[in-house]
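Have a look at protein-v8.cif; it's mmCIF, C-alpha atoms:
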data_query
#
loop_
_atom_site.label_atom_id
_atom_site.label_comp_id
_atom_site.auth_asym_id
_atom_site.auth_seq_id
_atom_site.Cartn_x
_atom_site.Cartn_y
_atom_site.Cartn_z
CA MET A 1 0.00 0.00 0.00
CA SER A 2 2.35 2.61 -1.16
CA VAL A 3 -0.26 5.19 -2.10
CA LEU A 4 -1.91 7.26 0.56
CA ARG A 5 -5.65 7.30 0.22
CA PRO A 6 -7.80 9.64 2.22
CA LEU A 7 -10.73 7.38 2.89
CA ASP A 8 -9.34 3.90 3.27
CA LYS A 9 -9.85 3.93 7.01
CA LEU A 10 -12.75 5.00 9.15
CA PRO A 11 -12.24 8.11 11.25
CA SER A 12 -11.64 7.64 14.93
CA LEU A 13 -13.90 9.49 17.29
CA ASN A 14 -12.89 13.03 18.12
CA THR A 15 -9.44 12.54 16.62
CA ALA A 16 -7.77 14.53 13.88
CA THR A 17 -4.48 13.43 12.34
CA ILE A 18 -2.06 15.58 10.39
CA LEU A 19 0.96 14.41 8.47
CA LEU A 20 3.91 16.76 8.10
CA VAL A 21 6.27 15.82 5.28
CA GLY A 22 9.59 17.60 5.03
CA ILE A 23 13.29 16.93 5.13
CA GLU A 24 14.17 19.11 8.09
CA ASP A 25 13.36 17.22 11.26
CA ALA A 26 14.03 20.08 13.63
CA LEU A 27 11.59 22.42 11.92
CA LEU A 28 8.93 19.76 11.69
CA GLN A 29 9.38 18.89 15.33
CA GLN A 30 9.07 22.52 16.37
CA LEU A 31 5.97 22.99 14.27
CA ALA A 32 4.47 19.82 15.73
CA ASP A 33 5.11 21.05 19.26
CA SER A 34 3.50 24.41 18.52
CA MET A 35 0.47 22.65 17.10
CA LEU A 36 0.10 20.40 20.09
CA LYS A 37 0.23 23.40 22.39
CA GLU A 38 -2.83 24.85 20.66
CA ASP A 39 -6.18 24.80 22.40
CA CYS A 40 -8.32 22.35 20.51
CA ALA A 41 -11.48 20.55 21.44
CA SER A 42 -10.59 17.44 19.48
CA GLU A 43 -7.64 15.18 20.07
CA LEU A 44 -4.72 16.02 17.79
CA LYS A 45 -2.27 13.54 16.37
CA VAL A 46 0.78 14.75 14.51
CA HIS A 47 2.82 12.43 12.33
CA LEU A 48 6.17 13.47 10.92
CA ALA A 49 7.79 11.96 7.86
CA LYS A 50 10.81 12.74 5.77
CA SER A 51 9.23 11.48 2.60
CA LEU A 52 6.52 9.27 1.27
CA PRO A 53 5.75 6.40 0.92
CA LEU A 54 5.24 5.67 4.57
CA PRO A 55 6.20 2.25 5.83
CA SER A 56 3.09 0.14 5.80
CA SER A 57 4.15 -1.83 8.83
CA VAL A 58 3.02 0.88 11.20
CA ASN A 59 -0.62 0.94 12.17
CA ARG A 60 -1.69 4.51 11.80
CA PRO A 61 -5.06 6.25 11.87
CA ARG A 62 -6.74 7.91 8.93
CA ILE A 63 -4.79 10.96 7.84
CA ASP A 64 -6.92 14.06 7.51
CA LEU A 65 -4.44 16.62 6.26
CA ILE A 66 -1.02 16.39 4.61
CA VAL A 67 1.28 19.37 4.79
CA PHE A 68 4.31 19.36 2.53
CA VAL A 69 6.95 21.60 4.04
CA ILE A 70 9.23 23.04 1.37
CA ASN A 71 12.32 24.90 2.43
CA LEU A 72 13.02 27.58 -0.11
CA HIS A 73 16.69 27.41 0.77
CA SER A 74 17.30 23.91 -0.55
CA LYS A 75 16.48 22.43 -3.91
CA TYR A 76 16.55 18.97 -2.40
CA SER A 77 13.50 19.87 -0.34
CA LEU A 78 11.53 20.61 -3.50
CA GLN A 79 12.75 17.42 -5.16
CA ASN A 80 11.78 15.35 -2.14
CA THR A 81 8.32 16.89 -2.10
CA GLU A 82 7.79 16.26 -5.78
CA GLU A 83 8.75 12.62 -5.37
CA SER A 84 6.53 12.16 -2.36
CA LEU A 85 3.62 13.70 -4.21
CA ARG A 86 3.56 10.69 -6.48
CA HIS A 87 2.56 8.49 -3.61
CA VAL A 88 -0.52 10.45 -2.75
CA ASP A 89 -3.86 9.45 -4.17
CA ALA A 90 -5.63 11.97 -6.38
CA SER A 91 -8.65 12.23 -4.13
CA PHE A 92 -6.44 13.68 -1.43
CA PHE A 93 -6.10 16.87 -3.39
CA LEU A 94 -9.70 17.84 -2.80
CA GLY A 95 -8.69 20.07 0.06
CA LYS A 96 -6.70 17.68 2.23
CA VAL A 97 -3.26 18.67 0.98
CA CYS A 98 -1.49 21.89 1.74
CA PHE A 99 1.91 23.26 0.83
CA LEU A 100 3.97 25.22 3.31
CA ALA A 101 6.90 27.26 2.05
CA THR A 102 9.38 28.27 4.68
CA GLY A 103 12.48 30.42 4.59
CA ALA A 104 11.09 33.15 2.35
CA GLY A 105 12.22 35.79 4.83
CA ARG A 106 15.88 35.51 3.97
CA GLU A 107 15.70 36.36 0.29
CA SER A 108 19.45 35.93 -0.22
CA HIS A 109 19.44 32.29 0.84
CA CYS A 110 16.55 31.26 -1.36
CA SER A 111 17.62 28.91 -4.07
CA ILE A 112 14.12 28.11 -5.22
CA HIS A 113 12.16 30.80 -6.92
CA ARG A 114 8.83 31.68 -5.43
CA HIS A 115 7.12 31.11 -8.76
CA THR A 116 8.20 27.47 -8.76
CA VAL A 117 6.35 26.78 -5.60
CA VAL A 118 3.35 28.78 -6.75
CA LYS A 119 3.22 26.76 -9.93
CA LEU A 120 3.49 23.53 -7.99
CA ALA A 121 0.60 24.49 -5.76
CA HIS A 122 -1.41 25.59 -8.76
CA THR A 123 -0.82 22.30 -10.53
CA TYR A 124 -2.05 20.36 -7.61
CA GLN A 125 -4.92 22.80 -6.92
CA SER A 126 -3.92 23.06 -3.29
CA PRO A 127 -3.39 26.09 -1.09
CA LEU A 128 0.10 27.43 -0.55
CA LEU A 129 1.00 28.98 2.76
CA TYR A 130 4.11 30.97 3.55
CA CYS A 131 5.71 30.89 6.93
CA ASP A 132 9.14 31.36 8.44
CA LEU A 133 9.16 28.36 10.69
CA GLU A 134 12.28 29.50 12.46
CA VAL A 135 10.60 32.51 13.99
CA GLU A 136 8.63 31.60 17.08
CA ALA A 137 5.74 34.03 16.59
CA PHE A 138 5.10 33.09 12.94
CA ARG A 139 5.35 29.43 13.83
CA ALA A 140 2.71 29.80 16.51
CA THR A 141 0.36 31.63 14.14
CA MET A 142 0.89 29.04 11.43
CA ALA A 143 0.29 26.27 13.97
CA GLN A 144 -3.02 27.85 14.88
CA ARG A 145 -3.99 28.11 11.23
CA LEU A 146 -3.03 24.50 10.57
CA VAL A 147 -5.03 23.33 13.56
CA ARG A 148 -8.14 25.07 12.25
CA MET A 149 -7.59 23.64 8.77
CA LEU A 150 -7.09 20.21 10.27
CA GLN A 151 -10.34 20.47 12.17
CA VAL A 152 -12.21 21.35 9.00
CA CYS A 153 -10.54 18.57 7.00
CA ALA A 154 -11.30 16.01 9.70
CA GLY A 155 -14.96 16.95 9.56
CA HIS A 156 -15.05 18.34 13.08
CA VAL A 157 -16.54 21.65 12.04
CA PRO A 158 -20.20 21.29 11.15
CA GLY A 159 -21.15 23.03 7.95
CA VAL A 160 -17.66 23.36 6.48
CA SER A 161 -16.02 20.62 4.45
CA ALA A 162 -12.48 20.34 3.13
CA LEU A 163 -13.60 21.14 -0.39
CA ASN A 164 -15.52 24.15 0.85
CA LEU A 165 -12.44 25.40 2.59
CA LEU A 166 -10.39 24.81 -0.53
CA SER A 167 -12.63 27.01 -2.63
CA LEU A 168 -12.48 29.65 0.09
CA LEU A 169 -8.71 29.57 0.18
CA ARG A 170 -8.29 29.70 -3.53
CA SER A 171 -6.10 32.66 -4.28
CA SER A 172 -6.97 34.78 -7.26
CA GLU A 173 -3.42 34.91 -8.55
CA GLY A 174 -2.10 31.94 -10.45
CA PRO A 175 1.48 31.65 -11.58
CA SER A 176 2.47 34.67 -13.58
CA LEU A 177 2.57 34.52 -17.33
CA GLU A 178 6.34 34.46 -17.62
CA ASP A 179 6.47 31.00 -16.07
CA MET A 180 3.67 29.42 -18.06
CA MET B 181 11.42 7.49 6.03
CA GLU B 182 11.04 7.93 9.74
CA GLU B 183 7.88 8.40 11.53
CA GLN B 184 7.18 9.72 14.97
CA PRO B 185 3.62 9.68 16.16
CA GLN B 186 2.77 12.01 18.97
CA LYS B 187 -0.36 12.26 20.98
CA GLN B 188 -2.00 14.90 23.02
CA ALA B 189 -4.26 14.11 25.94
CA ALA B 190 -7.81 15.04 25.19
CA ASP B 191 -9.10 17.98 27.17
CA GLN B 192 -11.41 15.82 29.22
CA PRO B 193 -11.30 16.51 32.95
CA ALA B 194 -8.56 13.97 33.44
CA ASP B 195 -7.90 15.61 36.76
CA SER B 196 -11.09 14.14 38.16
CA GLY B 197 -9.00 12.38 40.76
CA GLY B 198 -7.54 15.68 41.85
CA GLU B 199 -10.96 17.25 42.01
CA GLY B 200 -12.20 14.49 44.24
CA GLY B 201 -9.34 15.17 46.59
CA GLU B 202 -10.49 18.73 47.19
CA GLY B 203 -12.28 19.15 50.47
CA GLY B 204 -15.90 20.16 50.78
CA PRO B 205 -18.85 18.20 49.45
CA SER B 206 -20.16 21.25 47.63
CA GLN B 207 -17.02 21.45 45.54
CA VAL B 208 -17.29 17.79 44.60
CA ALA B 209 -20.94 18.20 43.68
CA GLY B 210 -20.08 21.24 41.58
CA ALA B 211 -17.27 19.35 39.87
CA GLN B 212 -19.59 16.46 39.11
CA GLU B 213 -22.10 18.82 37.62
CA ALA B 214 -19.39 20.40 35.50
CA ARG B 215 -18.25 16.97 34.37
CA SER B 216 -21.75 15.89 33.35
CA GLU B 217 -22.12 19.17 31.50
CA ASP B 218 -18.79 18.52 29.80
CA ARG B 219 -20.01 15.08 28.85
CA MET B 220 -23.14 16.57 27.36
CA THR B 221 -21.18 19.09 25.33
CA LEU B 222 -18.76 16.38 24.29
CA LEU B 223 -21.59 14.18 23.12
CA LEU B 224 -23.17 17.01 21.19
CA ARG B 225 -19.86 17.84 19.60
CA LEU B 226 -19.23 14.23 18.65
CA ARG B 227 -22.68 14.05 17.16
CA ALA B 228 -22.02 17.11 15.02
CA GLN B 229 -18.66 15.66 13.97
CA THR B 230 -20.11 12.32 13.00
CA LYS B 231 -22.84 14.02 11.02
CA GLN B 232 -20.33 16.10 9.12
CA GLN B 233 -18.12 13.10 8.38
CA LEU B 234 -21.11 11.11 7.20
CA LEU B 235 -22.05 13.98 4.92
CA GLU B 236 -18.56 14.01 3.47
CA TYR B 237 -18.56 10.29 2.78
CA LYS B 238 -22.00 10.50 1.19
CA SER B 239 -20.95 13.32 -1.09
CA ILE B 240 -17.84 11.42 -2.13
CA LEU B 241 -19.98 8.39 -2.89
CA ASP B 242 -22.27 10.51 -5.01
CA ALA B 243 -19.31 12.06 -6.78
CA SER B 244 -17.70 8.73 -7.52
CA GLU B 245 -20.84 7.58 -9.29
CA GLU B 246 -20.19 10.14 -12.01
CA LYS B 247 -18.16 8.79 -14.86
CA THR B 248 -14.81 10.43 -15.43
CA PRO B 249 -13.79 10.85 -19.04
CA GLU B 250 -11.22 8.28 -19.97
CA GLN B 251 -9.64 10.08 -22.87
CA ILE B 252 -6.50 12.10 -22.37
CA ILE B 253 -7.30 15.79 -22.41
CA GLN B 254 -4.74 18.49 -22.70
CA GLU B 255 -3.69 20.23 -19.56
CA LYS B 256 -5.06 23.62 -20.59
CA GLN B 257 -8.46 22.11 -21.32
CA ILE B 258 -8.38 20.40 -17.97
CA GLU B 259 -7.66 23.70 -16.30
CA ALA B 260 -10.47 25.40 -18.20
CA LYS B 261 -12.83 22.62 -17.13
CA ILE B 262 -11.71 22.94 -13.57
CA GLU B 263 -12.40 26.65 -13.66
CA ASP B 264 -15.89 26.06 -15.01
CA LEU B 265 -16.64 23.59 -12.28
CA GLU B 266 -15.36 25.99 -9.67
CA ASN B 267 -17.58 28.73 -11.01
CA GLU B 268 -20.52 26.36 -10.76
CA ILE B 269 -19.68 25.71 -7.14
CA GLU B 270 -19.45 29.43 -6.41
CA GLU B 271 -22.79 30.13 -8.08
CA ALA B 272 -24.43 27.34 -6.10
CA LYS B 273 -23.00 28.80 -2.92
CA ILE B 274 -24.27 32.29 -3.74
CA ALA B 275 -27.76 31.01 -4.57
CA PHE B 276 -27.79 29.15 -1.28
CA GLU B 277 -26.78 32.24 0.63
CA ILE B 278 -29.52 34.29 -1.04
CA LYS B 279 -32.10 31.65 -0.14
CA GLN B 280 -30.86 31.68 3.42
CA LEU B 281 -31.22 35.44 3.58
CA ALA B 282 -34.80 35.21 2.30
CA ILE B 283 -35.65 32.55 4.87
CA ASP B 284 -34.00 34.59 7.57
CA SER B 285 -36.10 37.63 6.76
CA VAL B 286 -39.27 35.55 7.07
CA LEU B 287 -37.91 34.22 10.32
CA MET B 288 -37.28 37.75 11.53
CA ASP B 289 -40.88 38.67 10.80
CA ASN B 290 -42.10 35.68 12.74
CA MET B 291 -39.89 36.56 15.65
CA LYS B 292 -41.11 40.15 15.69
CA HIS B 293 -44.70 38.93 15.66
CA LEU B 294 -43.89 36.59 18.51
CA LEU B 295 -42.37 39.43 20.49
CA LYS B 296 -45.48 41.54 20.01
CA LEU B 297 -47.71 38.73 21.18
CA ASN B 298 -45.49 38.10 24.14
CA LYS B 299 -45.73 41.74 25.18
CA LEU B 300 -49.52 41.59 24.95
CA VAL B 301 -49.58 38.44 27.02
CA MET B 302 -47.41 40.01 29.64
CA LYS B 303 -49.58 43.11 29.78
CA SER B 304 -52.80 41.16 30.25
CA GLN B 305 -51.15 39.01 32.85
CA GLN B 306 -50.10 42.12 34.70
CA GLU B 307 -53.67 43.48 34.56
CA SER B 308 -55.16 40.26 35.88
CA TRP B 309 -52.56 40.30 38.63
CA ASP B 310 -53.61 43.80 39.65
CA LEU B 311 -57.28 42.82 39.71
CA GLU B 312 -56.51 39.82 41.86
CA GLU B 313 -54.65 42.04 44.27
CA LYS B 314 -57.64 44.35 44.56
CA LEU B 315 -59.90 41.39 45.19
CA LEU B 316 -57.55 40.23 47.88
CA ASP B 317 -57.62 43.64 49.56
CA ILE B 318 -61.41 43.72 49.61
CA ARG B 319 -61.54 40.24 51.07
CA LYS B 320 -59.13 41.28 53.76
CA LYS B 321 -61.31 44.25 54.64
CA ARG B 322 -64.37 42.04 54.83
CA LEU B 323 -62.57 39.72 57.14
CA GLN B 324 -61.51 42.61 59.34
CA LEU B 325 -65.08 43.89 59.54
CA LYS B 326 -66.35 40.45 60.47
CA GLN B 327 -63.79 40.19 63.19
CA ALA B 328 -64.70 43.62 64.52
CA SER B 329 -68.41 42.76 64.58
CA GLU B 330 -67.60 39.49 66.32
CA SER B 331 -65.70 41.28 69.02
CA LYS B 332 -68.48 43.81 69.44
CA LEU B 333 -71.09 41.10 69.82
CA LEU B 334 -68.87 39.41 72.34
CA GLU B 335 -68.68 42.63 74.30
CA ILE B 336 -72.46 42.98 74.23
CA GLN B 337 -72.84 39.45 75.48
CA THR B 338 -70.43 39.96 78.33
CA GLU B 339 -72.20 43.17 79.28
CA LYS B 340 -75.53 41.42 79.29
CA ASN B 341 -74.15 38.63 81.41
CA LYS B 342 -72.72 41.14 83.80
CA GLN B 343 -76.05 42.86 84.07
CA LYS B 344 -77.81 39.58 84.71
CA ILE B 345 -75.34 38.67 87.37
CA ASP B 346 -75.71 42.06 88.95
CA LEU B 347 -79.43 41.66 88.88
CA ASP B 348 -79.29 38.26 90.46
CA GLY B 349 -76.89 39.57 92.98
CA MET B 350 -79.19 42.38 93.78
CA GLU B 351 -81.99 39.92 94.31
CA ASN B 352 -80.12 38.17 96.96
CA SER B 353 -78.82 41.21 98.71
CA GLU B 354 -79.65 41.84 102.32
CA ARG B 355 -81.24 45.25 101.95
CA ILE B 356 -83.92 43.91 99.69
CA LYS B 357 -84.78 41.28 102.21
CA ILE B 358 -85.16 43.84 104.93
CA ILE B 359 -87.21 46.06 102.67
CA ARG B 360 -89.40 43.15 101.74
CA GLN B 361 -89.91 42.23 105.33
CA ASN B 362 -90.87 45.77 106.12
CA LEU B 363 -93.22 45.77 103.20
CA GLN B 364 -94.86 42.59 104.41
CA MET B 365 -95.21 44.10 107.82
CA GLU B 366 -96.83 47.21 106.51
CA ILE B 367 -99.17 45.17 104.36
CA LYS B 368 -100.23 43.18 107.39
CA ILE B 369 -100.73 46.29 109.42
CA THR B 370 -102.74 47.87 106.68
CA THR B 371 -104.86 44.72 106.28
CA VAL B 372 -105.50 44.68 110.00
CA ILE B 373 -106.45 48.33 109.97
CA GLN B 374 -108.75 47.66 107.03
CA HIS B 375 -110.45 44.84 108.88
CA VAL B 376 -110.74 46.97 111.94
CA PHE B 377 -112.46 49.74 110.03
CA GLN B 378 -114.66 47.25 108.24
CA ASN B 379 -115.77 45.71 111.44
CA LEU B 380 -116.27 49.10 112.97
CA ILE B 381 -118.64 50.19 110.21
CA LEU B 382 -120.44 46.85 110.04
CA GLY B 383 -120.59 46.59 113.77
CA SER B 384 -122.20 49.97 114.08
CA LYS B 385 -125.14 48.57 112.04
CA VAL B 386 -125.29 51.68 109.95
CA ASN B 387 -126.84 51.42 106.47
CA TRP B 388 -123.76 52.14 104.55
CA ALA B 389 -125.42 51.57 101.15
CA GLU B 390 -127.37 54.78 101.36
CA ASP B 391 -124.50 57.16 101.97
CA PRO B 392 -122.27 57.38 98.93
CA ALA B 393 -119.21 58.43 100.95
CA LEU B 394 -119.57 55.45 103.30
CA LYS B 395 -120.25 53.16 100.34
CA GLU B 396 -117.08 54.24 98.69
CA THR B 397 -115.04 53.75 101.83
CA VAL B 398 -116.40 50.22 102.37
CA LEU B 399 -115.79 49.23 98.83
CA GLN B 400 -112.33 50.64 98.98
CA LEU B 401 -111.60 48.66 102.10
CA GLU B 402 -112.58 45.53 100.28
CA LYS B 403 -109.65 45.89 98.01
CA ASN B 404 -107.02 43.57 99.09
CA VAL B 405 -103.85 45.38 99.79
CA ASP B 406 -101.85 42.42 98.60
CA MET B 407 -103.09 42.87 95.17
CA ILE B 408 -101.61 46.34 94.78
#
Could you spell out this file's structure in C-alpha cells?
Amino acid sequence: MSVLRPLDKLPSLNTATILLVGIEDALLQQLADSMLKEDCASELKVHLAKSLPLPSSVNRPRIDLIVFVINLHSKYSLQNTEESLRHVDASFFLGKVCFLATGAGRESHCSIHRHTVVKLAHTYQSPLLYCDLEVEAFRATMAQRLVRMLQVCAGHVPGVSALNLLSLLRSSEGPSLEDM
Amino acid sequence: MEEQPQKQAADQPADSGGEGGEGGPSQVAGAQEARSEDRMTLLLRLRAQTKQQLLEYKSILDASEEKTPEQIIQEKQIEAKIEDLENEIEEAKIAFEIKQLAIDSVLMDNMKHLLKLNKLVMKSQQESWDLEEKLLDIRKKRLQLKQASESKLLEIQTEKNKQKIDLDGMENSERIKIIRQNLQMEIKITTVIQHVFQNLILGSKVNWAEDPALKETVLQLEKNVDMI
C-alpha cells in the first residue's frame, strides 16, 4: 500500500491526524510542538515523515491533512516533495493537501524561486502557505492556522467541508505569465 | 522514512482524581455537575462531527458515481474545465446564501410577531394580577369587619351577662330582704287596719249603702292590699 488514500480507514472518534512531510526534522518537530500546544477541542495527532511512501508496517489512523513543508533554501526539499507527491492518491487533493513554504524571509538564501512553488501548488490545486518556521511568533500563528484547517478537513466543524475550505482559500493569482 | 507519532491528551477533565481530593462536598458536587455538563457538550460535539463526516462520505460516494472521461485531455483544457466547475460551485453557494437570507427575513418577521404577542400576554397578565390584588384587599377588609363585629357582639354578650349577674346579685342582697320584710309588715298592718275599720262600720249597724261616701269607703276597704 504505497499510495496514501484519504478514505481507506474510518475516522476515529474526536481525533484529527495531520501528516507533516519535510526533510528538516528540527523544523517539523518545532511545528508539531507548537500545534500540540494549541487549544483544541478534538484530540490532535501529529505524524512526521521525511518522505513518502510511509512504511506500511506501522498501524496509523486515517490521515486528515497532509502538509508538505518546502524549504526555499534547498532544492533537495523541493525534489523530495515532488517525489513524495507521487505516492498520494488523487482524491487527497480535494482540500486535504497543503503546501507550506518556509524560509522566504531571507531572500538571499533562497535557491528556489517563489514562482516554482506557486506553480506547484497551482498544478495540484492546493493552497500554498508561507511561513518562516524558524521565527517563534510566525510558527505559533501558522500552527493555529493549521489546527483550524485540520479540524475542517477532519470533519469536526459542522457546515464546512475540506472542499468548501479549498474554494475559500483559492487565491486569485495563479502563476504569472512568464512562467507558463 | 522515519515516523514519529505524537499524541496529546484530550481535554477531558482527566484531573477528576484531583478534584475528588479537594475538600468540601459542595465542591465535589459542583465538579460532578461540570463533568456531566462537559459530557453533554462532548456528546453534542461528537454528534455534530459524525454528522459532518457522514455527509462528506456521502458526497464522495455521489461524486464517484459520475463517470470520469477516460480520454487524455490536454492540460489547458483540464484547467479550463476545472475553472468552469469551480464557477458552478461558487454560483451554487451564492444562490444558497440568497435563499438563506430570504428565509432569515421571514424568520425575523415571525420573531417580531412573537415578540409583540409576548408583550400583549405580559400586559394582560399584569392586569389580571392587579385585579386579583384588589380582590384580595377587599376580602381582607371584609374579614376585618367580620372580626370587629364578632368582638363587638362578644362585648355585648359579656355586658348582658354582667347585668344579669348584677341583677341576680341584687336579688339576693340583704337590703332587699329587709325592705321586703318591712313591706310585708306594713301590708299586714294595713290589712288589720282595714279589717278593723270594716268591722267598725259593720258593727255599728249603719246602712252604709245609702250614703255614697260610706259606700265608697267600704268598697275601697274591700280591696285587698296584697293585690296592689
Practice problem: Apply the PyMOL selection byres ((chain A) within 7 of (chain B)) to the displayed file and report the matching residues as a ChimeraX atom specification. | Solution: /A:14,36,41-51,54,155-158
Quiz item: Which residue gives the smallest distance to His109 in chain A among A:His87, A:Lys9, A:Arg62, A:Lys75, with all atoms listed in the file counted?
Solution: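 Of A:His87, A:Lys9, A:Arg62, A:Lys75, the one nearest His109 in chain A is A:Lys75, counting all atoms listed in the file.
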Quiz item: How far is it from CA of Pro61 in chain A to CA of Asp8 in chain A, in Å with one decimal?
Solution: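 We find that CA of Pro61 in chain A and CA of Asp8 in chain A lie 9.9 Å from each other.
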Quiz item: CA of Gln79 in chain A and CA of Ala104 in chain A, how far apart in Å?
Solution: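 Computing it gives 17.5 Å between the two atoms.
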Quiz item: Please, what distance in Å, to one decimal, runs between CA of Ser84 in chain A and CA of Leu52 in chain A?
Solution: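 Result for CA of Ser84 in chain A versus CA of Leu52 in chain A: 4.6 Å, one decimal.
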With 5 Å added on each side, what axis-aligned box encloses every listed atom of range 117-129 of chain A? Give the centre and edge lengths in Å to one decimal, as lines of an AutoDock Vina configuration file.
center_x = 0.7
center_y = 24.7
center_z = -3.9
size_x = 21.3
size_y = 18.6
size_z = 23.3
Practice problem: Apply the PyMOL selection byres ((chain A and resi 69) around 9) to the structure shown and report the selected residues as a VMD selection string. | Solution: chain A and resid 20 to 24 28 67 to 68 70 to 71 77 to 78 81 98 to 102
Print the selection's residues with C-alpha atoms to a file, as a PDB file, keeping the file's coordinate frame.
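Generated output (again04.pdb):
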ATOM      1  CA  LEU A  20       3.910  16.760   8.100  1.00  0.00           C
ATOM      2  CA  VAL A  21       6.270  15.820   5.280  1.00  0.00           C
ATOM      3  CA  GLY A  22       9.590  17.600   5.030  1.00  0.00           C
ATOM      4  CA  ILE A  23      13.290  16.930   5.130  1.00  0.00           C
ATOM      5  CA  GLU A  24      14.170  19.110   8.090  1.00  0.00           C
ATOM      6  CA  LEU A  28       8.930  19.760  11.690  1.00  0.00           C
ATOM      7  CA  VAL A  67       1.280  19.370   4.790  1.00  0.00           C
ATOM      8  CA  PHE A  68       4.310  19.360   2.530  1.00  0.00           C
ATOM      9  CA  ILE A  70       9.230  23.040   1.370  1.00  0.00           C
ATOM     10  CA  ASN A  71      12.320  24.900   2.430  1.00  0.00           C
ATOM     11  CA  SER A  77      13.500  19.870  -0.340  1.00  0.00           C
ATOM     12  CA  LEU A  78      11.530  20.610  -3.500  1.00  0.00           C
ATOM     13  CA  THR A  81       8.320  16.890  -2.100  1.00  0.00           C
ATOM     14  CA  CYS A  98      -1.490  21.890   1.740  1.00  0.00           C
ATOM     15  CA  PHE A  99       1.910  23.260   0.830  1.00  0.00           C
ATOM     16  CA  LEU A 100       3.970  25.220   3.310  1.00  0.00           C
ATOM     17  CA  ALA A 101       6.900  27.260   2.050  1.00  0.00           C
ATOM     18  CA  THR A 102       9.380  28.270   4.680  1.00  0.00           C
TER      19      THR A 102
END
Exercise. Find the residues with any atom within 9 Å of (-4.0, 23.4, 19.3); use all atoms listed in the file and the coordinates as given in the file, and write the answer as a PyMOL selection string.
Key: chain A and resi 34-42+44+143-144+146-148
Quiz item: Between A:Ala16, A:Arg86, A:Ala162, A:Arg114, which is the closest to Leu128 in chain A once you count all atoms listed in the file?
Solution: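 Going through A:Ala16, A:Arg86, A:Ala162, A:Arg114 one by one, the smallest distance to Leu128 in chain A is for A:Arg114.
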Self-check item: Leu165 in chain A surroundings by only C-alpha atoms, 12 Å radius, close-in-sequence under 3 positions cut, as a list in words
Solution: Leu94, Gly95, Lys96, Val97, Cys98, Ser126, Pro127, Arg148, Met149, Leu150, Gln151, Val152, Cys153, Ala154, Gly155, Val157, Gly159, Val160, Ser161, Ala162, Leu168, Leu169, Arg170 and Ser171 of chain A
Quiz prompt | Explicit residue set for the PyMOL selection byres ((chain A and resi 6) around 6), as a list of chain:residue names | solution = A:Arg5, A:Leu7, A:Phe92
Using C-alpha atoms, can you write the selected residues to a file as a CSV table (one decimal), in the coordinates of the input?
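Result file part.csv:
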chain,number,residue,atom,x,y,z
A,5,ARG,CA,-5.6,7.3,0.2
A,7,LEU,CA,-10.7,7.4,2.9
A,92,PHE,CA,-6.4,13.7,-1.4
